[in-house]
file coords22.pdb (PDB, C-alpha atoms and all ligand atoms)
MODEL        1
ATOM      1  CA  MET Q   1      12.172  -9.419  42.236  1.00  0.00           C
ATOM      2  CA  ASN Q   2       9.383  -9.832  39.739  1.00  0.00           C
ATOM      3  CA  LEU Q   3       8.021 -13.170  38.650  1.00  0.00           C
ATOM      4  CA  SER Q   4      10.008 -13.508  35.429  1.00  0.00           C
ATOM      5  CA  GLN Q   5      13.233 -12.630  37.257  1.00  0.00           C
ATOM      6  CA  VAL Q   6      12.446 -15.300  39.816  1.00  0.00           C
ATOM      7  CA  THR Q   7      11.741 -17.964  37.195  1.00  0.00           C
ATOM      8  CA  SER Q   8      14.941 -17.111  35.333  1.00  0.00           C
ATOM      9  CA  GLU Q   9      16.857 -17.371  38.646  1.00  0.00           C
ATOM     10  CA  VAL Q  10      15.384 -20.823  39.178  1.00  0.00           C
ATOM     11  CA  ARG Q  11      16.286 -21.840  35.630  1.00  0.00           C
ATOM     12  CA  GLN Q  12      19.864 -20.655  36.157  1.00  0.00           C
ATOM     13  CA  ALA Q  13      20.126 -22.547  39.421  1.00  0.00           C
ATOM     14  CA  VAL Q  14      18.815 -25.716  37.818  1.00  0.00           C
ATOM     15  CA  ALA Q  15      21.197 -25.274  34.875  1.00  0.00           C
ATOM     16  CA  TYR Q  16      24.035 -24.781  37.353  1.00  0.00           C
ATOM     17  CA  LEU Q  17      23.049 -27.948  39.195  1.00  0.00           C
ATOM     18  CA  SER Q  18      23.224 -29.963  35.991  1.00  0.00           C
ATOM     19  CA  GLY Q  19      26.625 -28.368  35.307  1.00  0.00           C
ATOM     20  CA  VAL Q  20      27.976 -29.236  38.753  1.00  0.00           C
ATOM     21  CA  GLU Q  21      26.857 -32.811  38.358  1.00  0.00           C
ATOM     22  CA  ALA Q  22      28.853 -33.018  35.150  1.00  0.00           C
ATOM     23  CA  ALA Q  23      31.922 -31.136  36.435  1.00  0.00           C
ATOM     24  CA  SER Q  24      34.823 -33.431  37.122  1.00  0.00           C
ATOM     25  CA  LYS Q  25      37.160 -30.780  38.595  1.00  0.00           C
ATOM     26  CA  LEU Q  26      35.410 -30.758  41.936  1.00  0.00           C
ATOM     27  CA  SER Q  27      35.864 -33.373  44.598  1.00  0.00           C
ATOM     28  CA  PRO Q  28      32.729 -35.371  45.431  1.00  0.00           C
ATOM     29  CA  GLU Q  29      32.476 -33.469  48.710  1.00  0.00           C
ATOM     30  CA  GLU Q  30      32.672 -30.051  47.036  1.00  0.00           C
ATOM     31  CA  ARG Q  31      30.247 -31.183  44.418  1.00  0.00           C
ATOM     32  CA  SER Q  32      27.590 -32.184  46.921  1.00  0.00           C
ATOM     33  CA  GLN Q  33      28.145 -28.974  48.889  1.00  0.00           C
ATOM     34  CA  HIS Q  34      27.598 -26.858  45.776  1.00  0.00           C
ATOM     35  CA  THR Q  35      24.655 -28.988  44.775  1.00  0.00           C
ATOM     36  CA  ILE Q  36      22.928 -28.538  48.127  1.00  0.00           C
ATOM     37  CA  GLN Q  37      23.575 -24.793  48.138  1.00  0.00           C
ATOM     38  CA  GLN Q  38      22.109 -24.420  44.684  1.00  0.00           C
ATOM     39  CA  MET Q  39      19.136 -26.629  45.523  1.00  0.00           C
ATOM     40  CA  VAL Q  40      18.379 -24.494  48.559  1.00  0.00           C
ATOM     41  CA  ARG Q  41      18.698 -21.393  46.414  1.00  0.00           C
ATOM     42  CA  ALA Q  42      16.374 -22.839  43.755  1.00  0.00           C
ATOM     43  CA  LEU Q  43      13.828 -23.772  46.421  1.00  0.00           C
ATOM     44  CA  GLU Q  44      13.991 -20.292  47.929  1.00  0.00           C
ATOM     45  CA  CYS Q  45      13.358 -18.791  44.504  1.00  0.00           C
ATOM     46  CA  LEU Q  46      10.467 -21.169  43.899  1.00  0.00           C
ATOM     47  CA  THR Q  47       8.940 -20.289  47.255  1.00  0.00           C
ATOM     48  CA  GLU Q  48       9.253 -16.627  46.393  1.00  0.00           C
ATOM     49  CA  ALA Q  49       7.611 -17.260  43.034  1.00  0.00           C
ATOM     50  CA  VAL Q  50       4.701 -19.105  44.645  1.00  0.00           C
ATOM     51  CA  GLU Q  51       4.274 -16.348  47.234  1.00  0.00           C
ATOM     52  CA  GLU Q  52       4.303 -13.728  44.488  1.00  0.00           C
ATOM     53  CA  CYS Q  53       1.624 -15.697  42.622  1.00  0.00           C
ATOM     54  CA  GLN Q  54      -0.517 -15.896  45.748  1.00  0.00           C
ATOM     55  CA  ARG Q  55      -0.078 -12.185  46.409  1.00  0.00           C
ATOM     56  CA  ARG Q  56      -1.110 -11.315  42.862  1.00  0.00           C
ATOM     57  CA  GLN Q  57      -4.080 -13.634  42.970  1.00  0.00           C
ATOM     58  CA  THR Q  58      -5.326 -12.046  46.188  1.00  0.00           C
ATOM     59  CA  GLU Q  59      -4.797  -8.617  44.666  1.00  0.00           C
ATOM     60  CA  LEU Q  60      -6.682  -9.600  41.505  1.00  0.00           C
ATOM     61  CA  GLU Q  61      -9.558 -11.092  43.459  1.00  0.00           C
ATOM     62  CA  ALA Q  62      -9.842  -7.915  45.523  1.00  0.00           C
ATOM     63  CA  ARG Q  63      -9.728  -5.796  42.390  1.00  0.00           C
ATOM     64  CA  LEU Q  64     -12.362  -7.934  40.682  1.00  0.00           C
ATOM     65  CA  ASP Q  65     -14.586  -7.714  43.712  1.00  0.00           C
ATOM     66  CA  HIS Q  66     -14.113  -3.952  43.755  1.00  0.00           C
ATOM     67  CA  LEU Q  67     -14.920  -3.748  40.032  1.00  0.00           C
ATOM     68  CA  ASN Q  68     -18.087  -5.784  40.437  1.00  0.00           C
ATOM     69  CA  ARG Q  69     -19.306  -3.512  43.186  1.00  0.00           C
ATOM     70  CA  GLY Q  70     -18.149  -0.394  41.333  1.00  0.00           C
ATOM     71  CA  ALA Q  71     -20.201  -1.344  38.275  1.00  0.00           C
ATOM     72  CA  ASP Q  72     -23.325  -1.627  40.417  1.00  0.00           C
ATOM     73  CA  ASN Q  73     -22.696   1.612  42.281  1.00  0.00           C
ATOM     74  CA  ALA Q  74     -21.760   3.703  39.256  1.00  0.00           C
ATOM     75  CA  ALA Q  75     -25.061   2.952  37.568  1.00  0.00           C
ATOM     76  CA  HIS Q  76     -26.999   4.138  40.623  1.00  0.00           C
ATOM     77  CA  GLU Q  77     -24.869   7.031  41.871  1.00  0.00           C
ATOM     78  CA  SER Q  78     -24.100   8.992  38.725  1.00  0.00           C
ATOM     79  CA  GLY Q  79     -27.155   7.909  36.811  1.00  0.00           C
ATOM     80  CA  GLY Q  80     -24.682   6.669  34.216  1.00  0.00           C
ATOM     81  CA  PRO Q  81     -24.297   8.064  30.724  1.00  0.00           C
ATOM     82  CA  VAL Q  82     -27.349   8.976  28.668  1.00  0.00           C
ATOM     83  CA  SER Q  83     -30.002   6.355  29.273  1.00  0.00           C
ATOM     84  CA  GLY Q  84     -30.236   3.871  26.457  1.00  0.00           C
ATOM     85  CA  ASP Q  85     -26.704   4.620  25.338  1.00  0.00           C
ATOM     86  CA  PRO Q  86     -25.201   1.222  24.506  1.00  0.00           C
ATOM     87  CA  SER Q  87     -21.939   2.005  26.283  1.00  0.00           C
ATOM     88  CA  ARG Q  88     -21.675  -1.423  27.864  1.00  0.00           C
ATOM     89  CA  THR Q  89     -21.103  -4.628  26.062  1.00  0.00           C
ATOM     90  CA  LEU Q  90     -21.253  -8.273  26.927  1.00  0.00           C
ATOM     91  CA  CYS Q  91     -19.410 -11.081  25.214  1.00  0.00           C
ATOM     92  CA  CYS Q  92     -21.822 -13.728  23.918  1.00  0.00           C
ATOM     93  CA  PRO Q  93     -20.735 -17.027  25.478  1.00  0.00           C
ATOM     94  CA  HIS Q  94     -21.768 -18.856  22.319  1.00  0.00           C
ATOM     95  CA  CYS Q  95     -20.491 -16.842  19.352  1.00  0.00           C
ATOM     96  CA  ARG Q  96     -18.127 -14.432  21.247  1.00  0.00           C
ATOM     97  CA  LYS Q  97     -19.632 -11.366  19.569  1.00  0.00           C
ATOM     98  CA  GLN Q  98     -19.928  -8.167  21.592  1.00  0.00           C
ATOM     99  CA  LEU Q  99     -23.533  -7.451  22.514  1.00  0.00           C
ATOM    100  CA  PRO Q 100     -24.452  -3.877  23.406  1.00  0.00           C
ATOM    101  CA  ILE Q 101     -26.228  -3.510  26.750  1.00  0.00           C
ATOM    102  CA  THR Q 102     -28.342  -0.467  27.443  1.00  0.00           C
ATOM    103  CA  ASN Q 103     -28.052   1.189  30.851  1.00  0.00           C
ATOM    104  CA  GLU Q 104     -31.706   0.466  31.536  1.00  0.00           C
ATOM    105  CA  LEU Q 105     -30.957  -3.214  31.195  1.00  0.00           C
ATOM    106  CA  TRP Q 106     -27.678  -2.908  33.072  1.00  0.00           C
ATOM    107  CA  GLU Q 107     -29.313  -1.294  36.089  1.00  0.00           C
ATOM    108  CA  GLN Q 108     -31.602  -4.234  36.541  1.00  0.00           C
ATOM    109  CA  GLU Q 109     -30.438  -6.870  38.974  1.00  0.00           C
ATOM    110  CA  ARG Q 110     -30.850  -9.559  36.357  1.00  0.00           C
ATOM    111  CA  PHE Q 111     -31.928  -9.489  32.764  1.00  0.00           C
ATOM    112  CA  GLU Q 112     -31.971 -11.578  29.667  1.00  0.00           C
ATOM    113  CA  ILE Q 113     -30.627 -10.508  26.324  1.00  0.00           C
ATOM    114  CA  ALA Q 114     -31.003 -12.335  23.047  1.00  0.00           C
ATOM    115  CA  CYS Q 115     -27.838 -12.423  20.964  1.00  0.00           C
ATOM    116  CA  PRO Q 116     -28.644 -10.891  17.557  1.00  0.00           C
ATOM    117  CA  TYR Q 117     -25.932 -12.989  15.937  1.00  0.00           C
ATOM    118  CA  CYS Q 118     -26.693 -16.503  17.122  1.00  0.00           C
ATOM    119  CA  ALA Q 119     -30.092 -15.951  18.830  1.00  0.00           C
ATOM    120  CA  LEU Q 120     -28.829 -17.360  22.111  1.00  0.00           C
ATOM    121  CA  ALA Q 121     -30.638 -15.979  25.150  1.00  0.00           C
ATOM    122  CA  VAL Q 122     -28.019 -14.836  27.654  1.00  0.00           C
ATOM    123  CA  GLU Q 123     -29.075 -14.446  31.260  1.00  0.00           C
ATOM    124  CA  VAL Q 124     -27.111 -11.797  33.143  1.00  0.00           C
ATOM    125  CA  ARG Q 125     -27.015 -11.387  36.881  1.00  0.00           C
TER     126      ARG Q 125
HETATM  127 ZN    ZN R 201     -24.140 -15.114  20.130  1.00  0.00          ZN
ENDMDL
END

call {"tool": "encode", "arguments": {"input": "coords22.pdb", "output": "structure tokens"}}
result
Amino acid sequence: MNLSQVTSEVRQAVAYLSGVEAASKLSPEERSQHTIQQMVRALECLTEAVEECQRRQTELEARLDHLNRGADNAAHESGGPVSGDPSRTLCCPHCRKQLPITNELWEQERFEIACPYCALAVEVR
């Protein structure tokens, strides 16, 4: 089950619970039995949703970590594209414009770039 299926399951269960509460056909005993069953079901779905979120977060963190390392390695291993080619960009934290980064700069462990749009000096590590 994917996350949106799980959330819609939970919504249905909660909607059902409200319905059961309002239903007058059922005896009080039946009503509470149904209510408990649906509550358990809703909780199971919620647990599944939380687990799915955790799984995805772990996956994303691993991927991000991999990407960070990959960016460092690629610059060294392949020599990268033509030196000075502004193939990389950085988003200015102040004005959100894309700043081109040359490979020479990128290969350095840390560097500073001045945003040509708002003149902010951005330190990159
Ligand atoms: Zn800027």

call {"tool": "resolve_selection", "arguments": {"input": "coords22.pdb", "expression": "the PyMOL selection byres (((chain Q and resi 48) around 12) and not hetatm)", "output": "MDAnalysis selection string"}}
result
chainID Q and resid 1:7 9:10 41:47 49:55

call {"tool": "residues_near_ligand", "arguments": {"input": "coords22.pdb", "ligand": "ligand ZN 201 (chain R)", "cutoff": "6 Å", "atoms": "all atoms listed in the file", "output": "list in words"}}
result
Cys92, His94, Cys95, Lys97, Cys115, Tyr117, Cys118 and Leu120 of chain Q

call {"tool": "write_last_selection", "arguments": {"input": "coords22.pdb", "atoms": "C-alpha atoms", "output": "CSV table (one decimal), in the coordinates of the input"}}
result
chain,number,residue,atom,x,y,z
Q,92,CYS,CA,-21.8,-13.7,23.9
Q,94,HIS,CA,-21.8,-18.9,22.3
Q,95,CYS,CA,-20.5,-16.8,19.4
Q,97,LYS,CA,-19.6,-11.4,19.6
Q,115,CYS,CA,-27.8,-12.4,21.0
Q,117,TYR,CA,-25.9,-13.0,15.9
Q,118,CYS,CA,-26.7,-16.5,17.1
Q,120,LEU,CA,-28.8,-17.4,22.1

call {"tool": "atom_distance", "arguments": {"input": "coords22.pdb", "atom1": "atom CA of Q:Leu67", "atom2": "atom CA of Q:Glu123"}}
result
19.8 Å

call {"tool": "closest_residue", "arguments": {"input": "coords22.pdb", "among": "Q:Ile113, Q:Leu90, Q:Trp106, Q:Tyr16", "to": "Q:Ile36", "atoms": "only C-alpha atoms"}}
result
Q:Tyr16

call {"tool": "closest_residue", "arguments": {"input": "coords22.pdb", "among": "Q:Asn68, Q:Gln98, Q:Thr58, Q:Thr35", "to": "Q:Ala13", "atoms": "only C-alpha atoms"}}
result
Q:Thr35

call {"tool": "closest_residue", "arguments": {"input": "coords22.pdb", "among": "Q:Arg110, Q:Leu105, Q:Val122, Q:Asp65", "to": "Q:Pro93", "atoms": "all atoms listed in the file"}}
result
Q:Val122

call {"tool": "atom_distance", "arguments": {"input": "coords22.pdb", "atom1": "atom CA of Q:Ser8", "atom2": "atom CA of Q:Gln38"}}
result
13.9 Å

call {"tool": "closest_residue", "arguments": {"input": "coords22.pdb", "among": "Q:Glu112, Q:Glu30, Q:Glu61, Q:Glu107", "to": "Q:Val124", "atoms": "all atoms listed in the file"}}
result
Q:Glu112

call {"tool": "closest_residue", "arguments": {"input": "coords22.pdb", "among": "Q:Val14, Q:Arg63, Q:Gln57, Q:Glu109", "to": "Q:Gln37", "atoms": "only C-alpha atoms"}}
result
Q:Val14

call {"tool": "residues_around", "arguments": {"input": "coords22.pdb", "residues": "Q:Arg88", "least_positions_apart": "4", "cutoff": "7 Å", "atoms": "all atoms listed in the file", "output": "list in words"}}
result
Pro100, Ile101 and Thr102 of chain Q

call {"tool": "closest_residue", "arguments": {"input": "coords22.pdb", "among": "Q:Ala114, Q:Met39, Q:Gly70, Q:Ser27", "to": "Q:Ala15", "atoms": "all atoms listed in the file"}}
result
Q:Met39

call {"tool": "atom_distance", "arguments": {"input": "coords22.pdb", "atom1": "atom CA of Q:Arg69", "atom2": "atom CA of Q:Cys91"}}
result
19.5 Å

call {"tool": "decode", "arguments": {"input": "coords22.pdb", "residues": "stretch 23-75 of chain Q", "atoms": "C-alpha atoms", "output": "short mmCIF file (atom, residue, chain, number, x, y, z; two decimals), in the first residue's frame"}}
result
data_model
loop_
_atom_site.label_atom_id
_atom_site.label_comp_id
_atom_site.auth_asym_id
_atom_site.auth_seq_id
_atom_site.Cartn_x
_atom_site.Cartn_y
_atom_site.Cartn_z
CA ALA Q 23 -26.38 4.40 13.42
CA SER Q 24 -29.39 3.49 15.49
CA LYS Q 25 -30.01 0.06 13.91
CA LEU Q 26 -27.23 -1.59 15.85
CA SER Q 27 -27.48 -2.64 19.46
CA PRO Q 28 -25.09 -0.83 21.82
CA GLU Q 29 -23.03 -4.01 22.05
CA GLU Q 30 -22.71 -4.39 18.27
CA ARG Q 31 -21.96 -0.73 17.96
CA SER Q 32 -19.04 -0.85 20.37
CA GLN Q 33 -17.74 -4.04 18.73
CA HIS Q 34 -17.74 -2.39 15.30
CA THR Q 35 -16.25 0.76 16.75
CA ILE Q 36 -13.35 -1.11 18.34
CA GLN Q 37 -12.69 -3.11 15.18
CA GLN Q 38 -12.59 0.02 13.09
CA MET Q 39 -10.41 1.84 15.61
CA VAL Q 40 -7.92 -1.02 15.55
CA ARG Q 41 -8.00 -0.96 11.77
CA ALA Q 42 -7.44 2.82 11.69
CA LEU Q 43 -4.54 2.49 14.12
CA GLU Q 44 -2.98 -0.28 12.04
CA CYS Q 45 -3.23 1.92 8.96
CA LEU Q 46 -1.71 4.86 10.83
CA THR Q 47 1.15 2.70 12.05
CA GLU Q 48 1.75 1.55 8.50
CA ALA Q 49 1.71 5.15 7.31
CA VAL Q 50 4.24 6.20 9.95
CA GLU Q 51 6.48 3.23 9.11
CA GLU Q 52 6.28 4.10 5.42
CA CYS Q 53 7.27 7.69 6.24
CA GLN Q 54 10.23 6.49 8.28
CA ARG Q 55 11.30 4.12 5.52
CA ARG Q 56 11.16 6.88 2.92
CA GLN Q 57 13.02 9.30 5.14
CA THR Q 58 15.83 6.79 5.67
CA GLU Q 59 15.91 6.13 1.94
CA LEU Q 60 16.05 9.86 1.17
CA GLU Q 61 18.79 10.47 3.70
CA ALA Q 62 20.84 7.65 2.21
CA ARG Q 63 20.26 8.98 -1.28
CA LEU Q 64 21.21 12.51 -0.24
CA ASP Q 65 24.35 11.23 1.41
CA HIS Q 66 25.18 9.28 -1.74
CA LEU Q 67 24.55 12.37 -3.89
CA ASN Q 68 26.79 14.53 -1.73
CA ARG Q 69 29.62 12.06 -2.02
CA GLY Q 70 28.93 11.48 -5.72
CA ALA Q 71 29.26 15.20 -6.45
CA ASP Q 72 32.69 15.25 -4.81
CA ASN Q 73 33.89 12.10 -6.53
CA ALA Q 74 32.62 12.96 -10.00
CA ALA Q 75 34.62 16.18 -10.05
#
